[in-house]
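*Asks:* Quick one: the structure is below, questions incoming.
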Amino acid sequence: MGLPFPIFTWWNGATFGTRMGLRGKTRVGEDSLGNLYFEGGRDPNGIPRRWVIYKGSNDASRIPPEWFSWLHHQIEGAPDESLPPVRAWQKPAEPNLTGTELAYRPPGALEKGAQRARATGDYEAWTPDA
C-alpha cells in the first residue's frame with residue numbers, strides 16, 4: 001500500500017492534522033494501554049482543554065477510569081499525582097468486548113449452542129383463549 005494512511009484516517013490513531021494541532025500543548029501522561037494525554041489552551045468558559053490520542057483503534061472504552069476522570073475534569077492533576085494508589089482488590093479496566101469473541105454470552109445464547117436449562121414446571125405459556 002505504501003501510502004501514509006495516518007494522514008487521511010482517524011480510526012486507527014491521530015491524523016497528521018491532529019498531531020500538528022497538538023504542537024505547543026503539554027503532554028500530561030500515558031496510560032497502560034499506550035494512549036497519550038495532552039492539555040493546553042482554554043475553552044470559552046476558561047476550562048483547560050484536554051485530549052487523548054489513542055494507540056490503536058479509537059474506542060472510548062479503551063480509556064482507563066483514572067484517565068477518564070482526568071479528561072472530564074473530575075480531578076485536576078494527572079492520575080498518578082492526584083489519586084491514591086491502586087488497591088490490591090481492584091481489577092484492571094477492560095475495553096468494551098461487545099461484538100468480539102470474548103463478549104459475554106449467557107447460557108442459551110445462539111453463539112453458545114443455544115442449549116438452555118429445561119423449564120422447571122413453574123412456567124405456563126400464554127394462550128389467547130385464557
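Here, A, B, ... name the chains of the C-alpha cells in the order displayed, residue numbers run from 1 inside each chain, and ligands are numbered from 1 in the same displayed order.
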With a distance cut-off of 10 Å and only C-alpha atoms, select the neighbouring residues of Ser82 in chain A, excluding the residue or stretch itself and same-chain residues fewer than 4 positions from it, and output the selection as a count of residues only.

*Replies:* 6

*Asks:* Which residues are close to Glu111 in chain A, i.e. within 12 Å by only C-alpha atoms, leaving aside same-chain residues fewer than 4 positions away? Reply as a list in words.

*Replies:*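 The contact residues come out as Gly99, Thr100, Glu101, Leu102, Ala103, Tyr104, Arg105, Pro106, Pro107 and Gln115 of chain A.
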
*Asks:* Would you save the residues from that selection as a compact mmCIF listing (two decimals), in the first residue's frame, using N, CA and C atoms?

*Replies:*
```
# COMPACT_ATOMS: atom_id res chain seq x y z
N GLY A 99 -19.35 -7.56 20.57
CA GLY A 99 -19.06 -7.76 19.16
C GLY A 99 -17.78 -8.53 18.91
N THR A 100 -17.11 -8.96 19.96
CA THR A 100 -15.88 -9.73 19.79
C THR A 100 -16.12 -11.17 20.26
N GLU A 101 -15.16 -12.01 20.04
CA GLU A 101 -15.25 -13.40 20.51
C GLU A 101 -15.26 -13.50 22.03
N LEU A 102 -14.72 -12.49 22.70
CA LEU A 102 -14.63 -12.51 24.16
C LEU A 102 -15.85 -11.91 24.86
N ALA A 103 -16.86 -11.50 24.10
CA ALA A 103 -18.05 -10.89 24.68
C ALA A 103 -18.80 -11.91 25.55
N TYR A 104 -19.49 -11.42 26.57
CA TYR A 104 -20.28 -12.30 27.44
C TYR A 104 -21.46 -12.86 26.66
N ARG A 105 -21.65 -14.16 26.78
CA ARG A 105 -22.78 -14.83 26.16
C ARG A 105 -23.46 -15.68 27.23
N PRO A 106 -24.69 -15.36 27.59
CA PRO A 106 -25.36 -16.11 28.66
C PRO A 106 -25.69 -17.53 28.22
N PRO A 107 -25.95 -18.42 29.16
CA PRO A 107 -26.36 -19.77 28.78
C PRO A 107 -27.61 -19.72 27.92
N GLN A 115 -28.30 -24.10 23.99
CA GLN A 115 -28.79 -25.11 24.92
C GLN A 115 -29.09 -24.43 26.25
```

*Asks:* Excluding Val86 in chain A and residues on its chain fewer than 6 positions from it, collect all residues at most 12 Å away from it, counting only C-alpha atoms, and give them as a list of chain:residue names.

*Replies:*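 Once the adjacent positions are removed, what remains is A:Pro65, A:Glu66, A:Pro79, A:Asp80, A:Pro92, A:Ala93.
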
*Asks:* Might you pull out every residue within 8 Å of Gly41 in chain A, with only C-alpha atoms counted and same-chain residues fewer than 5 positions away left off, and present them as a PyMOL selection string?

*Replies:* chain A and resi 25+48-49

*Asks:* Output all heavy atoms for every residue in that selection, as a compact mmCIF listing (two decimals), in the first residue's frame.

*Replies:*
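Written output follows (out.txt):
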```
# COMPACT_ATOMS: atom_id res chain seq x y z
N LYS A 25 1.11 22.11 23.00
CA LYS A 25 0.31 21.58 24.10
C LYS A 25 1.22 20.75 25.00
O LYS A 25 2.24 20.24 24.58
CB LYS A 25 -0.84 20.70 23.58
CG LYS A 25 -1.71 21.36 22.52
CD LYS A 25 -2.35 22.62 23.02
CE LYS A 25 -3.36 23.13 22.02
NZ LYS A 25 -3.00 24.36 21.38
N PRO A 48 -9.56 24.35 31.03
CA PRO A 48 -8.48 23.82 30.19
C PRO A 48 -8.98 22.72 29.25
O PRO A 48 -9.80 21.90 29.64
CB PRO A 48 -7.47 23.26 31.19
CG PRO A 48 -7.84 23.80 32.51
CD PRO A 48 -9.28 24.16 32.45
N ARG A 49 -8.47 22.72 28.02
CA ARG A 49 -8.83 21.68 27.06
C ARG A 49 -7.91 20.48 27.26
O ARG A 49 -6.72 20.64 27.51
CB ARG A 49 -8.70 22.20 25.64
CG ARG A 49 -9.74 23.24 25.30
CD ARG A 49 -9.64 23.57 23.82
NE ARG A 49 -10.53 24.65 23.49
CZ ARG A 49 -11.75 24.49 22.97
NH1 ARG A 49 -12.20 23.30 22.73
NH2 ARG A 49 -12.49 25.54 22.69
```

*Asks:* Please return as a list in words: the residues of range 25-96 of chain A that backbone DSSP assigns to strand (DSSP E).

*Replies:*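 Everything in range 25-96 of chain A that counts as strand (DSSP E) is Thr26, Arg27, Val28, Gly29, Glu30, Leu36, Tyr37, Phe38, Glu39, Gly40, Gly41, Arg42, Pro48, Arg49, Arg50, Trp51, Val52 and Ile53 of chain A.
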
*Asks:* Dump N, CA, C and O atoms for the selected residues as an mmCIF file, in the first residue's frame?

*Replies:*
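File result19.cif, as written:
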```
data_model
loop_
_atom_site.group_PDB
_atom_site.id
_atom_site.type_symbol
_atom_site.label_atom_id
_atom_site.label_comp_id
_atom_site.auth_asym_id
_atom_site.auth_seq_id
_atom_site.Cartn_x
_atom_site.Cartn_y
_atom_site.Cartn_z
ATOM 1 N N THR A 26 0.816 20.575 26.237
ATOM 2 C CA THR A 26 1.614 19.852 27.213
ATOM 3 C C THR A 26 1.194 18.392 27.263
ATOM 4 O O THR A 26 0.011 18.090 27.430
ATOM 5 N N ARG A 27 2.172 17.512 27.118
ATOM 6 C CA ARG A 27 1.876 16.084 27.278
ATOM 7 C C ARG A 27 1.835 15.787 28.762
ATOM 8 O O ARG A 27 2.805 15.985 29.490
ATOM 9 N N VAL A 28 0.676 15.327 29.233
ATOM 10 C CA VAL A 28 0.469 15.103 30.661
ATOM 11 C C VAL A 28 0.890 13.703 31.066
ATOM 12 O O VAL A 28 1.434 13.505 32.148
ATOM 13 N N GLY A 29 0.630 12.715 30.203
ATOM 14 C CA GLY A 29 0.998 11.361 30.582
ATOM 15 C C GLY A 29 0.582 10.332 29.565
ATOM 16 O O GLY A 29 0.073 10.646 28.481
ATOM 17 N N GLU A 30 0.800 9.086 29.940
ATOM 18 C CA GLU A 30 0.489 7.930 29.102
ATOM 19 C C GLU A 30 -0.099 6.854 30.007
ATOM 20 O O GLU A 30 0.363 6.653 31.128
ATOM 21 N N LEU A 36 -1.964 8.489 24.756
ATOM 22 C CA LEU A 36 -1.275 9.701 25.205
ATOM 23 C C LEU A 36 -2.293 10.776 25.563
ATOM 24 O O LEU A 36 -3.310 10.930 24.884
ATOM 25 N N TYR A 37 -2.001 11.558 26.610
ATOM 26 C CA TYR A 37 -2.924 12.582 27.091
ATOM 27 C C TYR A 37 -2.236 13.940 27.064
ATOM 28 O O TYR A 37 -1.088 14.070 27.483
ATOM 29 N N PHE A 38 -2.981 14.942 26.561
ATOM 30 C CA PHE A 38 -2.440 16.292 26.389
ATOM 31 C C PHE A 38 -3.388 17.312 27.002
ATOM 32 O O PHE A 38 -4.595 17.092 27.095
ATOM 33 N N GLU A 39 -2.810 18.466 27.376
ATOM 34 C CA GLU A 39 -3.590 19.570 27.899
ATOM 35 C C GLU A 39 -2.998 20.862 27.360
ATOM 36 O O GLU A 39 -1.785 20.992 27.226
ATOM 37 N N GLY A 40 -3.862 21.827 27.044
ATOM 38 C CA GLY A 40 -3.376 23.117 26.582
ATOM 39 C C GLY A 40 -4.502 23.986 26.080
ATOM 40 O O GLY A 40 -5.497 23.503 25.554
ATOM 41 N N GLY A 41 -4.350 25.268 26.272
ATOM 42 C CA GLY A 41 -5.390 26.206 25.854
ATOM 43 C C GLY A 41 -6.584 26.158 26.785
ATOM 44 O O GLY A 41 -6.629 25.383 27.738
ATOM 45 N N ARG A 42 -7.556 27.003 26.493
ATOM 46 C CA ARG A 42 -8.777 27.052 27.311
ATOM 47 C C ARG A 42 -9.985 27.191 26.402
ATOM 48 O O ARG A 42 -9.901 27.787 25.339
ATOM 49 N N PRO A 48 -9.557 24.347 31.035
ATOM 50 C CA PRO A 48 -8.475 23.823 30.189
ATOM 51 C C PRO A 48 -8.979 22.718 29.252
ATOM 52 O O PRO A 48 -9.804 21.899 29.639
ATOM 53 N N ARG A 49 -8.474 22.720 28.021
ATOM 54 C CA ARG A 49 -8.831 21.680 27.061
ATOM 55 C C ARG A 49 -7.911 20.484 27.255
ATOM 56 O O ARG A 49 -6.720 20.636 27.509
ATOM 57 N N ARG A 50 -8.508 19.285 27.125
ATOM 58 C CA ARG A 50 -7.755 18.049 27.311
ATOM 59 C C ARG A 50 -8.050 17.096 26.163
ATOM 60 O O ARG A 50 -9.181 17.031 25.683
ATOM 61 N N TRP A 51 -7.020 16.349 25.727
ATOM 62 C CA TRP A 51 -7.142 15.430 24.594
ATOM 63 C C TRP A 51 -6.564 14.078 24.944
ATOM 64 O O TRP A 51 -5.663 13.965 25.770
ATOM 65 N N VAL A 52 -7.042 13.071 24.220
ATOM 66 C CA VAL A 52 -6.428 11.747 24.251
ATOM 67 C C VAL A 52 -6.090 11.367 22.813
ATOM 68 O O VAL A 52 -6.874 11.615 21.894
ATOM 69 N N ILE A 53 -4.917 10.818 22.605
ATOM 70 C CA ILE A 53 -4.519 10.263 21.319
ATOM 71 C C ILE A 53 -4.407 8.762 21.545
ATOM 72 O O ILE A 53 -3.549 8.293 22.296
#
```

*Asks:* Can you check which residues of chain A DSSP gives as alpha helix (DSSP H) on the backbone and send them as a list in words?

*Replies:* Phe16, Gly17, Thr18, Arg19, Met20, Gly21, Pro65, Glu66, Trp67, Phe68, Ser69, Trp70, Leu71, Pro79, Asp80, Glu81 and Ser82 of chain A

*Asks:* Keeping only C-alpha atoms, write those residues as a PDB file, in the first residue's frame.

*Replies:*
```
ATOM      1  CA  PHE A  16      -1.484  14.443  10.671  1.00  0.00           C
ATOM      2  CA  GLY A  17      -3.710  17.489  11.263  1.00  0.00           C
ATOM      3  CA  THR A  18      -4.459  16.420  14.827  1.00  0.00           C
ATOM      4  CA  ARG A  19      -0.779  15.884  15.545  1.00  0.00           C
ATOM      5  CA  MET A  20       0.003  19.340  14.163  1.00  0.00           C
ATOM      6  CA  GLY A  21      -2.754  20.828  16.342  1.00  0.00           C
ATOM      7  CA  PRO A  65     -11.179   5.074  34.651  1.00  0.00           C
ATOM      8  CA  GLU A  66      -8.476   7.235  36.216  1.00  0.00           C
ATOM      9  CA  TRP A  67      -7.704   8.942  32.901  1.00  0.00           C
ATOM     10  CA  PHE A  68     -11.417   9.250  32.108  1.00  0.00           C
ATOM     11  CA  SER A  69     -11.817  11.261  35.314  1.00  0.00           C
ATOM     12  CA  TRP A  70      -8.904  13.493  34.282  1.00  0.00           C
ATOM     13  CA  LEU A  71     -10.317  14.063  30.774  1.00  0.00           C
ATOM     14  CA  PRO A  79      -3.967  10.454  37.939  1.00  0.00           C
ATOM     15  CA  ASP A  80      -0.514   9.389  39.142  1.00  0.00           C
ATOM     16  CA  GLU A  81      -0.324  12.556  41.274  1.00  0.00           C
ATOM     17  CA  SER A  82      -3.971  13.069  42.257  1.00  0.00           C
TER      18      SER A  82
END
```

*Asks:* In Å to one decimal, how far is CA of Gly34 in chain A from CA of Pro85 in chain A?

*Replies:* 19.6 Å

*Asks:* Calculate how many Å separate CA of Asn58 in chain A from CA of Gly46 in chain A, rounding to one decimal.

*Replies:*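 Result for CA of Asn58 in chain A versus CA of Gly46 in chain A: 27.3 Å, one decimal.
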
*Asks:* Take CA of Asn45 in chain A and CA of Pro64 in chain A and report the distance between them in Å, one decimal.

*Replies:*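 Result for CA of Asn45 in chain A versus CA of Pro64 in chain A: 26.5 Å, one decimal.
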